[in-house]
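Student: Have a peek at query.cif (mmCIF, C-alpha atoms).
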```
data_entry
#
loop_
_atom_site.label_atom_id
_atom_site.label_comp_id
_atom_site.auth_asym_id
_atom_site.auth_seq_id
_atom_site.Cartn_x
_atom_site.Cartn_y
_atom_site.Cartn_z
CA MET A 11 -40.77 23.50 -3.13
CA THR A 12 -37.36 23.25 -4.71
CA ALA A 13 -35.64 19.89 -4.67
CA ILE A 14 -32.04 20.05 -3.49
CA ALA A 15 -29.49 17.55 -4.72
CA HIS A 16 -27.35 16.13 -1.93
CA LYS A 17 -24.22 14.25 -2.74
CA VAL A 18 -21.98 11.97 -0.64
CA LYS A 19 -18.47 11.28 -1.85
CA ILE A 20 -16.29 8.48 -0.52
CA THR A 21 -12.63 8.75 -1.49
CA TYR A 22 -10.73 5.59 -0.71
CA CYS A 23 -7.20 4.32 -1.20
CA ALA A 24 -7.44 1.72 -3.94
CA GLU A 25 -3.86 0.66 -3.23
CA CYS A 26 -4.67 -0.15 0.38
CA GLY A 27 -7.50 -2.63 -0.11
CA TYR A 28 -10.16 -0.32 1.33
CA GLU A 29 -12.87 -1.50 -1.07
CA PRO A 30 -14.77 -3.57 1.54
CA GLN A 31 -15.11 -0.61 3.92
CA THR A 32 -16.09 1.64 1.01
CA LEU A 33 -18.78 -0.72 -0.20
CA ASP A 34 -20.10 -1.32 3.33
CA LEU A 35 -20.50 2.40 3.87
CA ALA A 36 -22.02 3.00 0.44
CA GLN A 37 -24.50 0.20 1.04
CA ALA A 38 -25.43 1.54 4.48
CA LEU A 39 -26.11 4.98 2.98
CA MET A 40 -28.09 3.54 0.07
CA LEU A 41 -30.30 1.48 2.35
CA GLU A 42 -30.81 4.27 4.84
CA PHE A 43 -31.41 7.24 2.57
CA GLY A 44 -32.44 5.86 -0.81
CA ALA A 45 -33.28 8.66 -3.24
CA ARG A 46 -32.82 11.37 -0.58
CA LEU A 47 -29.23 11.36 -1.75
CA SER A 48 -28.89 12.37 -5.38
CA CYS A 49 -25.56 10.62 -5.72
CA ILE A 50 -23.05 8.48 -3.83
CA GLU A 51 -19.75 8.89 -5.60
CA LEU A 52 -16.89 6.45 -5.02
CA ILE A 53 -13.47 7.87 -5.85
CA PRO A 54 -10.54 5.46 -6.04
CA TRP A 55 -7.44 7.24 -4.83
CA GLU A 56 -4.15 6.47 -3.10
CA GLY A 57 -1.94 7.43 -0.16
CA GLY A 58 -3.99 5.79 2.59
CA THR A 59 -7.01 8.00 1.97
CA PHE A 60 -10.47 7.32 3.38
CA ASP A 61 -12.52 10.52 3.24
CA VAL A 62 -16.27 10.94 3.36
CA SER A 63 -17.93 14.23 2.46
CA PHE A 64 -21.50 15.48 2.26
CA ASP A 65 -22.12 18.37 -0.12
CA GLY A 66 -18.46 19.35 0.21
CA ASP A 67 -18.32 19.12 4.03
CA LEU A 68 -15.75 16.63 5.19
CA LEU A 69 -17.53 14.25 7.58
CA HIS A 70 -14.59 11.93 8.09
CA SER A 71 -10.96 11.87 7.08
CA MET A 72 -8.68 8.99 7.93
CA LYS A 73 -5.74 11.39 8.09
CA ARG A 74 -7.60 13.88 10.29
CA ASP A 75 -9.71 11.56 12.43
CA GLY A 76 -7.84 8.26 12.19
CA GLY A 77 -9.24 4.91 11.11
CA PHE A 78 -12.48 4.14 9.36
CA PRO A 79 -15.73 5.79 10.40
CA LYS A 80 -18.55 3.71 11.80
CA PRO A 81 -21.35 3.65 9.20
CA ALA A 82 -23.78 4.62 11.98
CA THR A 83 -21.76 7.77 12.70
CA ILE A 84 -21.79 8.78 9.04
CA LYS A 85 -25.50 8.01 8.78
CA ASP A 86 -26.19 10.23 11.81
CA ALA A 87 -24.16 13.07 10.28
CA VAL A 88 -25.93 12.76 6.92
CA ARG A 89 -29.34 12.56 8.59
CA ALA A 90 -28.64 15.71 10.57
CA ARG A 91 -27.62 17.60 7.43
CA LEU A 92 -30.61 16.38 5.44
CA SER A 93 -32.92 17.57 8.19
CA ALA A 94 -31.26 20.94 8.57
CA MET B 14 11.76 -16.97 17.46
CA THR B 15 9.43 -15.39 14.90
CA ILE B 16 8.53 -18.58 13.13
CA ASP B 17 9.63 -22.22 13.15
CA ARG B 18 10.52 -24.41 10.19
CA ALA B 19 7.11 -26.09 10.02
CA ARG B 20 5.31 -22.76 9.76
CA PHE B 21 7.89 -21.27 7.42
CA ASP B 22 7.45 -24.20 5.05
CA GLN B 23 3.72 -23.44 4.87
CA GLY B 24 4.45 -20.12 3.18
CA LEU B 25 4.08 -19.68 -0.56
CA THR B 26 7.11 -19.59 -2.79
CA TYR B 27 7.37 -16.47 -4.92
CA GLU B 28 6.04 -18.30 -7.98
CA ALA B 29 3.19 -19.88 -6.00
CA TYR B 30 2.32 -16.45 -4.63
CA LYS B 31 2.13 -15.06 -8.15
CA ASP B 32 -0.07 -17.96 -9.22
CA GLN B 33 -2.64 -17.23 -6.52
CA MET B 34 -2.78 -13.47 -7.17
CA THR B 35 -6.25 -12.32 -8.18
CA ARG B 36 -5.15 -8.86 -9.31
CA ASN B 37 -2.12 -6.78 -10.26
CA ARG B 38 0.02 -9.73 -11.40
CA ASP B 39 0.78 -7.90 -14.66
CA ARG B 40 2.00 -4.84 -12.74
CA LEU B 41 4.08 -6.97 -10.38
CA GLU B 42 5.71 -8.84 -13.27
CA GLU B 43 6.35 -5.61 -15.16
CA ASN B 44 8.14 -4.26 -12.08
CA GLU B 45 10.05 -7.53 -11.83
CA ARG B 46 11.33 -7.06 -15.39
CA ARG B 47 12.31 -3.47 -14.68
CA VAL B 48 14.44 -4.22 -11.60
CA ASP B 49 18.00 -3.43 -12.56
CA LEU B 50 20.44 -5.22 -10.23
CA SER B 51 24.03 -4.06 -10.27
CA LYS B 52 26.85 -6.58 -10.54
CA GLU B 53 28.11 -5.43 -7.17
CA ASP B 54 24.78 -5.95 -5.43
CA LEU B 55 24.30 -9.35 -7.00
CA ALA B 56 27.82 -10.37 -6.04
CA ALA B 57 27.12 -9.40 -2.43
CA PHE B 58 24.05 -11.63 -2.30
CA ARG B 59 25.78 -14.47 -4.15
CA ALA B 60 28.63 -14.28 -1.66
CA LEU B 61 26.38 -15.00 1.31
CA PRO B 62 27.87 -18.02 3.09
CA ARG B 63 24.52 -19.83 2.99
CA ALA B 64 20.96 -19.24 1.90
CA VAL B 65 19.02 -16.77 4.02
CA LYS B 66 15.36 -17.40 4.72
CA VAL B 67 12.98 -14.54 4.11
CA MET B 68 9.48 -14.58 5.57
CA VAL B 69 7.23 -12.17 3.73
CA LEU B 70 3.82 -10.71 4.55
CA ALA B 71 1.96 -9.45 1.50
CA GLU B 72 -1.39 -8.96 -0.23
CA ASP B 73 -1.99 -8.49 -3.93
CA TRP B 74 -3.96 -5.23 -3.63
CA CYS B 75 -1.12 -3.30 -1.99
CA GLY B 76 0.86 -0.84 -4.12
CA ASP B 77 3.99 -1.17 -2.00
CA VAL B 78 3.86 -4.95 -2.38
CA ILE B 79 3.45 -4.62 -6.14
CA ALA B 80 6.44 -2.24 -6.24
CA ASN B 81 8.82 -3.89 -3.78
CA LEU B 82 8.15 -7.61 -3.63
CA PRO B 83 9.48 -8.04 -7.21
CA VAL B 84 12.81 -6.57 -6.06
CA LEU B 85 13.09 -9.34 -3.48
CA GLY B 86 11.88 -11.86 -6.07
CA ARG B 87 14.60 -10.84 -8.51
CA LEU B 88 17.29 -10.88 -5.81
CA ALA B 89 16.21 -14.40 -4.84
CA ARG B 90 16.10 -15.66 -8.41
CA ASP B 91 19.32 -14.04 -9.59
CA SER B 92 21.42 -14.78 -6.51
CA GLY B 93 20.06 -18.21 -5.56
CA LYS B 94 20.73 -17.25 -1.95
CA LEU B 95 17.33 -16.25 -0.63
CA ASP B 96 14.66 -18.78 0.36
CA VAL B 97 11.50 -16.69 0.18
CA ARG B 98 8.17 -17.77 1.71
CA ILE B 99 5.17 -15.54 1.49
CA PHE B 100 2.23 -15.35 3.89
CA LEU B 101 -0.97 -13.49 3.16
CA ARG B 102 -1.29 -10.72 5.72
CA ASP B 103 -5.00 -11.04 6.31
CA GLN B 104 -4.79 -14.78 6.96
CA ASN B 105 -1.75 -14.57 9.23
CA ASP B 106 -2.54 -11.86 11.73
CA ASP B 107 -0.38 -13.48 14.43
CA LEU B 108 2.68 -12.88 12.24
CA MET B 109 1.51 -9.41 11.26
CA GLN B 110 1.06 -8.33 14.88
CA ARG B 111 4.79 -8.89 15.47
CA TYR B 112 5.78 -6.48 12.71
CA LEU B 113 3.39 -3.56 12.99
CA ASN B 114 4.78 -0.41 11.42
CA LYS B 115 5.46 2.11 14.21
CA GLY B 116 3.80 -0.41 16.50
CA GLN B 117 0.37 0.40 15.01
CA PHE B 118 -0.02 -0.10 11.29
CA LYS B 119 -0.32 -3.32 9.31
CA SER B 120 1.94 -1.96 6.56
CA ILE B 121 3.15 -4.38 3.93
CA PRO B 122 5.26 -5.79 2.49
CA VAL B 123 7.18 -7.07 5.50
CA PHE B 124 10.40 -8.95 4.80
CA VAL B 125 11.89 -10.81 7.79
CA PHE B 126 15.38 -12.21 7.23
CA LEU B 127 16.13 -15.37 9.22
CA ASP B 128 19.23 -17.45 9.74
CA ASP B 129 19.40 -21.26 9.69
CA GLY B 130 18.13 -21.44 13.25
CA PHE B 131 15.21 -19.14 12.35
CA HIS B 132 16.69 -16.32 14.40
CA GLU B 133 15.91 -12.93 12.98
CA LEU B 134 18.71 -11.06 11.23
CA GLY B 135 16.54 -8.03 10.64
CA HIS B 136 13.31 -6.95 9.04
CA TRP B 137 12.11 -4.45 6.50
CA ILE B 138 8.67 -2.82 6.22
CA GLU B 139 6.75 -1.17 3.38
CA ARG B 140 9.33 1.04 1.61
CA PRO B 141 12.55 2.93 2.35
CA ALA B 142 12.14 6.20 4.27
CA SER B 143 14.32 7.83 1.60
CA VAL B 144 11.73 6.92 -1.04
CA THR B 145 8.87 8.32 1.01
CA GLU B 146 10.88 11.51 1.45
CA VAL B 147 11.79 11.94 -2.22
CA ARG B 148 8.24 11.24 -3.36
CA ALA B 149 6.78 13.65 -0.81
CA LYS B 150 9.05 16.38 -2.17
CA ARG B 151 8.19 15.53 -5.77
CA ARG B 152 4.49 15.55 -4.83
CA LYS B 153 4.88 19.00 -3.33
CA ASP B 154 6.59 20.16 -6.53
CA ILE B 155 3.70 18.85 -8.63
CA PHE B 156 1.18 20.84 -6.62
CA ALA B 157 3.40 23.94 -6.80
CA ALA B 158 3.65 23.62 -10.59
CA HIS B 159 -0.10 23.07 -11.02
CA PRO B 160 -2.18 25.57 -9.07
CA GLU B 161 -5.31 23.93 -10.49
CA PHE B 162 -4.60 20.94 -8.23
CA GLY B 163 -5.20 23.13 -5.18
CA SER B 164 -3.64 22.37 -1.83
CA PRO B 165 -1.83 19.06 -1.35
CA ASP B 166 -3.62 18.78 1.99
CA ALA B 167 -7.13 19.41 0.69
CA PRO B 168 -9.51 16.49 0.17
CA VAL B 169 -9.15 15.33 -3.40
CA ASP B 170 -12.93 15.05 -3.86
CA GLN B 171 -13.07 18.83 -4.05
CA LEU B 172 -11.35 18.72 -7.42
CA ALA B 173 -13.31 18.51 -10.63
CA GLU B 174 -13.14 15.05 -12.13
CA ASP B 175 -10.98 16.06 -15.10
CA VAL B 176 -8.51 17.85 -12.79
CA ARG B 177 -8.42 14.85 -10.49
CA VAL B 178 -7.63 12.57 -13.41
CA ARG B 179 -4.76 14.87 -14.45
CA LEU B 180 -3.43 14.91 -10.89
CA GLN B 181 -3.58 11.13 -10.76
CA ALA B 182 -1.64 10.95 -14.03
CA GLU B 183 1.01 13.37 -12.70
CA LEU B 184 1.41 11.31 -9.52
CA ALA B 185 1.68 8.07 -11.52
CA LYS B 186 4.32 9.68 -13.76
CA MET B 187 6.26 10.82 -10.71
CA ARG B 188 6.19 7.32 -9.21
CA ASP B 189 7.38 5.93 -12.53
CA GLU B 190 10.22 8.45 -12.73
CA THR B 191 11.36 7.63 -9.20
CA ALA B 192 11.02 3.85 -9.58
CA LYS B 193 14.67 3.28 -10.45
CA PHE B 194 15.83 5.21 -7.39
CA ALA B 195 13.26 3.40 -5.25
CA ASN B 196 14.37 -0.04 -6.44
CA ALA B 197 18.02 0.82 -5.77
CA GLU B 198 17.15 1.95 -2.26
CA VAL B 199 15.23 -1.28 -1.59
CA VAL B 200 18.21 -3.34 -2.78
CA ARG B 201 20.61 -1.29 -0.65
CA GLU B 202 18.52 -1.79 2.49
CA LEU B 203 17.89 -5.49 1.89
CA ARG B 204 21.56 -6.09 1.20
CA GLU B 205 22.46 -4.45 4.48
CA ILE B 206 20.16 -6.84 6.36
CA ALA B 207 20.95 -10.04 4.44
CA THR B 208 24.71 -9.64 4.81
CA ARG B 209 24.37 -9.74 8.59
CA VAL B 210 24.29 -13.53 8.30
CA ALA B 211 27.38 -14.89 10.01
CA ALA B 212 30.03 -16.55 7.88
#
```
Kindly return the structure encoded in the file as structure tokens.
Tutor:
Amino acid sequence: MTAIAHKVKITYCAECGYEPQTLDLAQALMLEFGARLSCIELIPWEGGTFDVSFDGDLLHSMKRDGGFPKPATIKDAVRARLSA
Amino acid sequence: MTIDRARFDQGLTYEAYKDQMTRNRDRLEENERRVDLSKEDLAAFRALPRAVKVMVLAEDWCGDVIANLPVLGRLARDSGKLDVRIFLRDQNDDLMQRYLNKGQFKSIPVFVFLDDGFHELGHWIERPASVTEVRAKRRKDIFAAHPEFGSPDAPVDQLAEDVRVRLQAELAKMRDETAKFANAEVVRELREIATRVAA
């Protein structure tokens, strides 16, 4: 069996004070998936960004979807992809 | 009435606001030093028949606050005609709800100009539209000149880390190069509002 590395990236606007939402989501993913995720990368950015991707698939984009995602929604999406 | 005297007096002065900042004070003060006020603009503010009150909503993590609040701070200090009181956005949601950007967004800074009777003369939110426009064009130009940055609309996490760092540096350079224009636009718009005060 070959182990596959799965990575979540959270890109957040560091000029907008989105750190709390970023940390809440990162914590939720850490507690839920532990070592099933090879990496949770936090990317400080700008321009009102809050994007979450899993292995390159955009799960949530503040510009595309509006607002912050619910951690439960992101967890469901990650779980589905890990099980696929 | 947006605010009464008792509430206004609870706001922080510009210096008190700086003292309570937990981050970005160095950037704010650097911007303050770089604001270049023309004699004509200063004269217009100094010629106001009486001091104008300015209620501000701000937070120290916000880039637009760090860029634009120092312009107001310098105008207040150099003209002696603006009485500025600052309220932290996240602790004063009742005030914030009255000045939502496009009726939806809690954009800051918000500057509300008030006369002696605390009647609003006008308000200003976030940054001038002209600055947003110029920077959007410059941003487009950066992406056009650097194909390695990909599409301006693509999620930035798709870029390799070293490319992302270069893009960030290009965007910072662009903001720096447009800062003088941006400050002048802020002064122009604030002057237009402040001079509405009746003689």
Student: So how far away is atom CA of Lys66 of chain B from atom CA of Asp128 of chain B, in Å?
Tutor: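 Computing it gives 6.3 Å between the two atoms.
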Student: Run the PyMOL selection byres ((chain A) within 6 of (chain B)) mentally over the shown coordinates, then write out the matched residues as a PDB file with C-alpha atoms, keeping the file's coordinate frame, using the chain letters and numbers from the document.
Tutor:
```pdb
ATOM      1  CA  GLU A  25      -3.860   0.660  -3.230  1.00  0.00           C
ATOM      2  CA  CYS A  26      -4.670  -0.150   0.380  1.00  0.00           C
ATOM      3  CA  GLY A  27      -7.500  -2.630  -0.110  1.00  0.00           C
TER       4      GLY A  27
END
```
Student: Which value, in Å to one decimal, gives the distance between atom CA of His70 of chain A and atom CA of Ala142 of chain B?
Tutor: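 It comes out at 27.6 Å.
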Student: Evaluated on this file, the PyMOL selection byres ((chain A and resi 42-50) around 10) picks out some residues - which ones are they, written as a list in words?
Tutor: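 Against this file, the PyMOL selection byres ((chain A and resi 42-50) around 10) returns the residues Ala13, Ile14, Ala15, His16, Lys17, Val18, Lys19, Ile20, Ala36, Gln37, Ala38, Leu39, Met40, Leu41, Glu51, Leu52, Ile53, Ser63, Phe64, Lys85, Val88, Arg89 and Leu92 of chain A.
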Student: Could you list, as a PyMOL selection string, every residue matched by the PyMOL selection byres ((chain B and resi 167) around 12) in this structure?
Tutor: (chain A and resi 59+61+66-68+71+73-74) or (chain B and resi 156+162-166+168-172)
Student: Find the residues with any atom within 9 Å of (24.8, -18.8, -3.8); use only C-alpha atoms and the coordinates as given in the file, and write the answer as a list in words.
Tutor: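 These residues have at least one counted atom within 9 Å: Phe58, Arg59, Ala60, Leu61, Pro62, Arg63, Ala64, Ser92, Gly93, Lys94 and Leu95 of chain B.
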Student: Between atom CA of Glu133 of chain B and atom CA of Asp32 of chain B, what distance in Å does the model show, to one decimal?
Tutor: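 Atom CA of Asp32 of chain B lies at a distance of 27.8 Å from atom CA of Glu133 of chain B.
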Student: Quick one: everything within 12 Å of His132 of chain B, counting all atoms listed in the file, minus sequence neighbours fewer than 5 positions away in the same chain. Send it as a list of chain:residue names.
Tutor: B:Met14, B:Thr15, B:Ile16, B:Asp17, B:Arg18, B:Val65, B:Lys66, B:Val67, B:Met68, B:Val125, B:Phe126, B:Leu127, B:Arg209, B:Val210, B:Ala211
Student: Can I get the selection written as a compact mmCIF listing (two decimals), keeping the file's coordinate frame, with C-alpha atoms?
Tutor:
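The new file result18.txt reads:
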```txt
# COMPACT_ATOMS: atom_id res chain seq x y z
CA MET B 14 11.76 -16.97 17.46
CA THR B 15 9.43 -15.39 14.90
CA ILE B 16 8.53 -18.58 13.13
CA ASP B 17 9.63 -22.22 13.15
CA ARG B 18 10.52 -24.41 10.19
CA VAL B 65 19.02 -16.77 4.02
CA LYS B 66 15.36 -17.40 4.72
CA VAL B 67 12.98 -14.54 4.11
CA MET B 68 9.48 -14.58 5.57
CA VAL B 125 11.89 -10.81 7.79
CA PHE B 126 15.38 -12.21 7.23
CA LEU B 127 16.13 -15.37 9.22
CA ARG B 209 24.37 -9.74 8.59
CA VAL B 210 24.29 -13.53 8.30
CA ALA B 211 27.38 -14.89 10.01
```
Student: Quick one: segment 136-160 of chain B with N, CA and C atoms, as a JSON list (two decimals), in the frame of the given file?
Tutor:
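Below you can see result26.json, which holds the result:
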```json
[["chain", "number", "residue", "atom", "x", "y", "z"],
["B", 136, "HIS", "N", 14.53, -6.98, 9.85],
["B", 136, "HIS", "CA", 13.31, -6.95, 9.04],
["B", 136, "HIS", "C", 13.14, -5.61, 8.36],
["B", 137, "TRP", "N", 12.29, -5.61, 7.39],
["B", 137, "TRP", "CA", 12.11, -4.45, 6.50],
["B", 137, "TRP", "C", 10.61, -4.29, 6.26],
["B", 138, "ILE", "N", 10.12, -3.05, 6.33],
["B", 138, "ILE", "CA", 8.67, -2.82, 6.22],
["B", 138, "ILE", "C", 8.34, -1.78, 5.17],
["B", 139, "GLU", "N", 7.45, -2.08, 4.31],
["B", 139, "GLU", "CA", 6.75, -1.17, 3.38],
["B", 139, "GLU", "C", 7.60, -0.57, 2.27],
["B", 140, "ARG", "N", 8.48, 0.39, 2.61],
["B", 140, "ARG", "CA", 9.33, 1.04, 1.61],
["B", 140, "ARG", "C", 10.42, 1.82, 2.35],
["B", 141, "PRO", "N", 11.51, 2.16, 1.67],
["B", 141, "PRO", "CA", 12.55, 2.93, 2.35],
["B", 141, "PRO", "C", 12.06, 4.34, 2.71],
["B", 142, "ALA", "N", 12.51, 4.84, 3.85],
["B", 142, "ALA", "CA", 12.14, 6.20, 4.27],
["B", 142, "ALA", "C", 12.62, 7.21, 3.23],
["B", 143, "SER", "N", 13.78, 6.91, 2.61],
["B", 143, "SER", "CA", 14.32, 7.83, 1.60],
["B", 143, "SER", "C", 13.37, 7.96, 0.41],
["B", 144, "VAL", "N", 12.67, 6.90, 0.09],
["B", 144, "VAL", "CA", 11.73, 6.92, -1.04],
["B", 144, "VAL", "C", 10.49, 7.74, -0.67],
["B", 145, "THR", "N", 10.01, 7.53, 0.54],
["B", 145, "THR", "CA", 8.87, 8.32, 1.01],
["B", 145, "THR", "C", 9.22, 9.80, 0.96],
["B", 146, "GLU", "N", 10.43, 10.12, 1.39],
["B", 146, "GLU", "CA", 10.88, 11.51, 1.45],
["B", 146, "GLU", "C", 10.98, 12.14, 0.05],
["B", 147, "VAL", "N", 11.62, 11.42, -0.85],
["B", 147, "VAL", "CA", 11.79, 11.94, -2.22],
["B", 147, "VAL", "C", 10.43, 12.12, -2.90],
["B", 148, "ARG", "N", 9.56, 11.15, -2.71],
["B", 148, "ARG", "CA", 8.24, 11.24, -3.36],
["B", 148, "ARG", "C", 7.39, 12.35, -2.74],
["B", 149, "ALA", "N", 7.54, 12.56, -1.45],
["B", 149, "ALA", "CA", 6.78, 13.65, -0.81],
["B", 149, "ALA", "C", 7.23, 15.00, -1.38],
["B", 150, "LYS", "N", 8.53, 15.13, -1.61],
["B", 150, "LYS", "CA", 9.05, 16.38, -2.17],
["B", 150, "LYS", "C", 8.56, 16.55, -3.61],
["B", 151, "ARG", "N", 8.64, 15.46, -4.37],
["B", 151, "ARG", "CA", 8.19, 15.53, -5.77],
["B", 151, "ARG", "C", 6.68, 15.84, -5.84],
["B", 152, "ARG", "N", 5.94, 15.30, -4.89],
["B", 152, "ARG", "CA", 4.49, 15.55, -4.83],
["B", 152, "ARG", "C", 4.23, 17.04, -4.57],
["B", 153, "LYS", "N", 5.01, 17.57, -3.65],
["B", 153, "LYS", "CA", 4.88, 19.00, -3.33],
["B", 153, "LYS", "C", 5.17, 19.84, -4.57],
["B", 154, "ASP", "N", 6.21, 19.44, -5.31],
["B", 154, "ASP", "CA", 6.59, 20.16, -6.53],
["B", 154, "ASP", "C", 5.47, 20.13, -7.56],
["B", 155, "ILE", "N", 4.81, 18.99, -7.66],
["B", 155, "ILE", "CA", 3.70, 18.85, -8.63],
["B", 155, "ILE", "C", 2.59, 19.84, -8.29],
["B", 156, "PHE", "N", 2.25, 19.91, -7.02],
["B", 156, "PHE", "CA", 1.18, 20.84, -6.62],
["B", 156, "PHE", "C", 1.62, 22.29, -6.84],
["B", 157, "ALA", "N", 2.91, 22.56, -6.60],
["B", 157, "ALA", "CA", 3.40, 23.94, -6.80],
["B", 157, "ALA", "C", 3.35, 24.32, -8.28],
["B", 158, "ALA", "N", 3.62, 23.34, -9.15],
["B", 158, "ALA", "CA", 3.65, 23.62, -10.59],
["B", 158, "ALA", "C", 2.25, 23.65, -11.21],
["B", 159, "HIS", "N", 1.27, 23.15, -10.48],
["B", 159, "HIS", "CA", -0.10, 23.07, -11.02],
["B", 159, "HIS", "C", -1.08, 23.65, -10.01],
["B", 160, "PRO", "N", -1.26, 24.95, -10.04],
["B", 160, "PRO", "CA", -2.18, 25.57, -9.07],
["B", 160, "PRO", "C", -3.60, 25.00, -9.16]]
```
